[in-house]
Amino acid sequence: MTDITASSYVREDLVTERPAPVKTTGFIGLLRTRLLNSPTNILLTIVGALLLWFTIIPSVRFLIVDAVWSGQDRTACLAENAGFTVGACWPYIQAKLPQLIYGFYPEAERWRVNLALIVAAVLLLPLLIPRLPAKGLNAGLFFFAFPVVAFFLLRGGGIQGFGVSWTAGLLELFDDSIISAGQVLLSLSKTSAIAPLLWVVGNLVVLVGTAIHWLIFPLTWLRDQLQGMGQSVWVDFAITTAFVSLIVFVLGGGMRSGGRALASSIATFVAMAIVIKLMGLDHGGLPIVATNLWGGLLVTLVVSVTGIVTSLPIGIALALGRRASIPLIRIFSIAFIEFWRGVPLVTVLFFATYMLPLFLPGNFTVDGLVRALIGIALFTGAYQAENVRGGLAAIPRGQNEAAAALGLSWWKTTSLIVLPQALRHVIPNLVNSFISLFKDTSLVSIVALFDLLGSLRASFSDPKWSTPSTAFTGFAFAGIIYFIFCFGMSRYSLFVERRLNVHRRN
Amino acid sequence: MSTEARKPPLQIALKIRRLLGGKAGWNGVAVQFAFAAVLGWIAYEIISNARANLENQHIATGFGFLANNAGFDVNQTLISYTGSDTFLRVFVVGLLNTLVVSVVGIVFSTLIGFIVALCRLSPNWLLSRVGEIYVEIIRNLPLLFQILFWYLAVLAALPNPRQSISFLGIAFISNRGLVIPQPIGQAGLEPFLAALGLGIAAALALRIYARRALFQRGQMIRIWPYVLGLVIGLPLVTMVVSGLPFTVELPQLKGFNFAGGARIIPEFVALTLALSTYTAAFIAEIVRAGILSVHAGQMEAGASLGLSRGATLRLIVVPQAMRVIVPPLTNQYLNLTKNSSLAVAIGYPDLFSVWAGTSLSQTGQAIEIITTTMGVYLLISLITSAVMSVYSWRLSRSLGA
């Protein structure tokens, strides 16, 4: 018994501890593995540290340590008065802040700008947070209702009529143009070599124009009757509501679908009526602020939001057109997209500013801001078309074929099956386009619109604030604003990308 | 007993329908007619309105103004130009200025972009953070903002020529621009250039021959001593025979300004700085993505074949990365060229600035001038995309083989 115990080995004390492995985490680990692990790396670390030292230290000194924080005019920011080398001249920004945000928007009306910005933020934030419900209603409010409300809020003014008057006016314009084209052809037919042909075509065009004239006669007659009444806007509104709701009711499946379409249509119109009443649009609305008084961050935001809202439909239409099998539409889309993508945005803005007015009827003037907006919408639309096309190409053929097997039409296949999937695929690309659009809005300052950068540049010439550090201070301020917006958008696009790709992670 | 499949019947009507209307058939044809009618109507409206407006505002039409005297000066010209030259010459001057700023910008942006990309890929933590900060800051600020920043803030804050900042005593930068040494051609220039061209051509031919020998017969030919001899030796011989090709004239401070040397206007300096640093941030991301797209296994496979690290990079990694890098890189070069039109904001006399800016305000002929300006940029981008599609066609052919 004792023999066995003696022969078996029983450890009586602990093995001596081995030294801990080299630490590879934390700050020490970082130093050891990625900063100072070899002579070359030590050298590179020194280079990097020097680079940071010579950029960050002077920036911090300029922005905070050496900055002047209060004062009435330029004298506060001069080195001989301050007693040290002056960095940023923040009183200059304080003095110019209203100009940098609102431009020359009248001081008494600035609450309208603030209100529009608050409404935009309230509508946009829930749209950006994926967990919140009612995305459809929210998107509808932001993309359709908000632009209209913001227009009347920012610019002011009221409405003369509603659906009936507008449709009648538009159709009348169209009809007049057709008839005048026919008459031009007829007058040409007196001198031209192919006179008989021109005469026939001209008469045909005039005939079509006259037919349209009689076709739209009830509408124009109704419009004229309405104009004679006192409460033209409200009567017009009621007629439009009844008419549109009826169409929606019939197209939405009548009573079979329980009248949901009708209810939502009427709800929409009631909401419109409330907005019209609240803003007093039926009797003149808010006082008009001409767009040449707008400026600063306001113009930057107006241009970028309008660009974002208008470029997406244009882009979707062009992308679908480019993939269509109908030759003329495909060729037109390709040419349109390649043209706008091939020219710089400045030329587009010049085109919109100097050439577009020549293309419109002489009595028809377009506001300078609207012209720039048209140019930007067309330009960005072409870029969005290419993004959307990438998404469309990523949808497998089987989706189309399955829809065809279910008997869906082209419109239903596209709007219910292909587009929702395609757009989801390309959200990050769309957001990247929005970032470059936001940056590109600064170009409107070249066509004499005072956006944030334009207002900044204009404020440099104020002799009251001309100091050596004025320009640097202004650029620092505007740069921080631009950076916050663009960096925020790019982080958001990364967030969405990661969220959409959850299923692909490993 | 024939087992061949029966030929499908010739359905001409069907084919025509497919050709004219696409998948939608005759409906498609009807849609096209309606679309063409709308386009025709818009075109008619545009033309008739434009004609009426031009008549009302008494604006001349046509390109007759090209032969008129321009009557304004341009502060940077590569070809001789005075105010009494024609508008056509203004156009050429502007075009050359655009090309020169684009080429210089492309060279610098590629250099900076590759350096930043290498920084970002560096195993050194600090250096990769520095690269990241650079890319994030530059990409999130508008280009026009950066151009104005360099021009209105940085260059304007520089001292006057007398106190200008000197780089090793050969180049000087002040608020009046950059002064650099200027090479002046001597008698030996022409033989020197001829010899250099000849040497390069011969070296290229030699390389083609060596590659063919390697791929067809598996024979390695050492060519670098000959290439060195051709490219450096040959021009040296001409220098010995016919004298120095050029001398360098250094700028000297005389009075309040510099004499000698080449003066580069501050607008050019600001524009080039902004364009190249801005585009470099995008190029850095492209290069980084391209290099990361090559699988790490490729490096290991190269090592297991016994290739050195340099040879693995040169023969295996870089060619594959280049396939990913080149198309977006070309796109960035194109963007840089188009962005050079922002010169109008600081008054650098590029095509857009002298043509759509000054000439437009002098003549008022908006339609002709804006159309030609757009046409030039469109032509540049169409040529580039044509070259790129040839490149990708060759690439897909070589990958398929």
# chains A, B, ... in the order shown; residues from 1 in each chain; ligands from 1
>>> residues_around(residues="A:Val206", least_positions_apart="6", cutoff="9 Å", atoms="only C-alpha atoms", output="list in words")
Ile178, Ile179, Ser180, Ala181, Gly182 and Gln183 of chain A
>>> write_last_selection(atoms="N, CA, C and O atoms", output="PDB file, in the first residue's frame")
ATOM      1  N   ILE A 178     -50.539  75.391 -80.002  1.00  0.00           N
ATOM      2  CA  ILE A 178     -50.793  74.510 -81.146  1.00  0.00           C
ATOM      3  C   ILE A 178     -51.379  75.321 -82.299  1.00  0.00           C
ATOM      4  O   ILE A 178     -50.930  75.223 -83.446  1.00  0.00           O
ATOM      5  N   ILE A 179     -52.372  76.173 -81.987  1.00  0.00           N
ATOM      6  CA  ILE A 179     -53.012  76.942 -83.054  1.00  0.00           C
ATOM      7  C   ILE A 179     -52.011  77.877 -83.716  1.00  0.00           C
ATOM      8  O   ILE A 179     -51.934  77.989 -84.941  1.00  0.00           O
ATOM      9  N   SER A 180     -51.162  78.532 -82.899  1.00  0.00           N
ATOM     10  CA  SER A 180     -50.202  79.474 -83.499  1.00  0.00           C
ATOM     11  C   SER A 180     -49.196  78.727 -84.344  1.00  0.00           C
ATOM     12  O   SER A 180     -48.783  79.209 -85.403  1.00  0.00           O
ATOM     13  N   ALA A 181     -48.805  77.482 -83.923  1.00  0.00           N
ATOM     14  CA  ALA A 181     -47.884  76.698 -84.742  1.00  0.00           C
ATOM     15  C   ALA A 181     -48.532  76.391 -86.081  1.00  0.00           C
ATOM     16  O   ALA A 181     -47.894  76.495 -87.141  1.00  0.00           O
ATOM     17  N   GLY A 182     -49.822  76.025 -86.065  1.00  0.00           N
ATOM     18  CA  GLY A 182     -50.520  75.740 -87.313  1.00  0.00           C
ATOM     19  C   GLY A 182     -50.558  76.946 -88.212  1.00  0.00           C
ATOM     20  O   GLY A 182     -50.341  76.853 -89.427  1.00  0.00           O
ATOM     21  N   GLN A 183     -50.794  78.132 -87.621  1.00  0.00           N
ATOM     22  CA  GLN A 183     -50.867  79.338 -88.438  1.00  0.00           C
ATOM     23  C   GLN A 183     -49.518  79.688 -89.056  1.00  0.00           C
ATOM     24  O   GLN A 183     -49.448  80.137 -90.197  1.00  0.00           O
TER      25      GLN A 183
END
>>> residues_around(residues="B:Asp85", least_positions_apart="3", cutoff="7 Å", atoms="only C-alpha atoms", output="PyMOL selection string")
chain B and resi 69-70+81-82+89
>>> interface_residues(of="chain B", to="chain A", cutoff="7 Å", atoms="only C-alpha atoms", output="number ranges by chain")
B: 20-23, 28, 32, 46, 49-50, 53, 123-127, 130, 140-142, 144-145, 149, 152-153, 338-339, 341, 345, 366-367, 370, 374, 377-378, 381
>>> closest_residue(among="A:Leu171, A:Ser311, A:Val250, A:Ala120", to="A:Leu215", atoms="only C-alpha atoms")
A:Leu171
>>> residues_around(residues="B:Gln298", least_positions_apart="2", cutoff="10 Å", atoms="only C-alpha atoms", output="JSON, numbers by chain")
{"B": [294, 295, 296, 300, 301, 302, 303, 304, 312, 313, 316, 317, 320]}
>>> atom_distance(atom1="atom CA of B:Ala274", atom2="atom CA of B:Gln146")
5.8 Å
>>> residues_around(residues="A:Phe142", least_positions_apart="3", cutoff="9 Å", atoms="only C-alpha atoms", output="MDAnalysis selection string")
chainID A and resid 120 123:124 127 137:139 145:147
>>> closest_residue(among="A:Ile239, A:Gly398, A:Val426, A:Phe144", to="A:Thr310", atoms="only C-alpha atoms")
A:Phe144
>>> closest_residue(among="B:Leu360, B:Leu214, B:Val287, B:Leu178", to="B:Arg263", atoms="only C-alpha atoms")
B:Leu178
>>> select_by_dssp(residues="stretch 391-484 of chain A", states="alpha helix (DSSP H)", output="VMD selection string")
chain A and resid 391 to 393 397 to 405 410 to 412 419 to 425 427 to 440 452 to 460 470 to 484
>>> residues_around(residues="A:Val496", least_positions_apart="5", cutoff="9 Å", atoms="only C-alpha atoms", output="list of chain:residue names")
A:Pro130, A:Ile427, A:Pro428, A:Arg491, A:Asn501
>>> write_last_selection(atoms="N, CA and C atoms", output="compact mmCIF listing (two decimals), in the first residue's frame")
# COMPACT_ATOMS: atom_id res chain seq x y z
N PRO A 130 -35.03 54.59 -38.71
CA PRO A 130 -35.72 53.46 -39.34
C PRO A 130 -36.79 52.83 -38.46
N ILE A 427 -29.81 53.18 -51.86
CA ILE A 427 -29.92 54.30 -50.92
C ILE A 427 -28.55 54.92 -50.60
N PRO A 428 -27.51 54.12 -50.31
CA PRO A 428 -26.22 54.77 -50.02
C PRO A 428 -25.72 55.63 -51.18
N ARG A 491 -22.07 59.81 -42.69
CA ARG A 491 -22.20 58.82 -41.61
C ARG A 491 -23.55 58.13 -41.70
N ASN A 501 -27.31 45.77 -45.19
CA ASN A 501 -26.48 44.61 -45.49
C ASN A 501 -26.37 43.66 -44.31
>>> closest_residue(among="A:Ala394, A:Arg322, A:Val309, A:Ala121", to="A:Phe434", atoms="only C-alpha atoms")
A:Val309
>>> atom_distance(atom1="atom CA of B:Leu111", atom2="atom CA of B:Phe282")
12.3 Å
>>> atom_distance(atom1="atom CA of A:Ser165", atom2="atom CA of A:Thr241")
13.2 Å
>>> residues_around(residues="stretch 56-72 of chain A", least_positions_apart="5", cutoff="9 Å", atoms="only C-alpha atoms", output="VMD selection string")
chain A and resid 51 77 82 84 to 92 94 to 95 473 476
>>> write_last_selection(atoms="C-alpha atoms", output="CSV table (one decimal), in the first residue's frame")
chain,number,residue,atom,x,y,z
A,51,LEU,CA,2.2,66.5,-39.3
A,77,CYS,CA,-9.5,92.1,-33.6
A,82,ALA,CA,-5.7,93.0,-28.2
A,84,PHE,CA,-1.3,89.5,-28.8
A,85,THR,CA,-1.3,87.8,-32.2
A,86,VAL,CA,-5.0,87.6,-32.9
A,87,GLY,CA,-6.5,84.3,-34.1
A,88,ALA,CA,-10.1,84.0,-35.0
A,89,CYS,CA,-12.2,87.2,-34.8
A,90,TRP,CA,-15.5,85.8,-33.6
A,91,PRO,CA,-17.3,89.1,-33.1
A,92,TYR,CA,-17.2,89.4,-36.8
A,94,GLN,CA,-21.6,87.4,-34.4
A,95,ALA,CA,-22.2,90.6,-36.3
A,473,THR,CA,-12.5,83.3,-39.4
A,476,ALA,CA,-13.5,78.5,-40.5
>>> closest_residue(among="B:Phe268, B:Phe258, B:Trp26, B:Tyr391", to="B:Ile147", atoms="only C-alpha atoms")
B:Phe268
>>> residues_around(residues="stretch 99-110 of chain B", least_positions_apart="3", cutoff="6 Å", atoms="only C-alpha atoms", output="ChimeraX atom specification")
/B:96,113,272,276,279-280,337
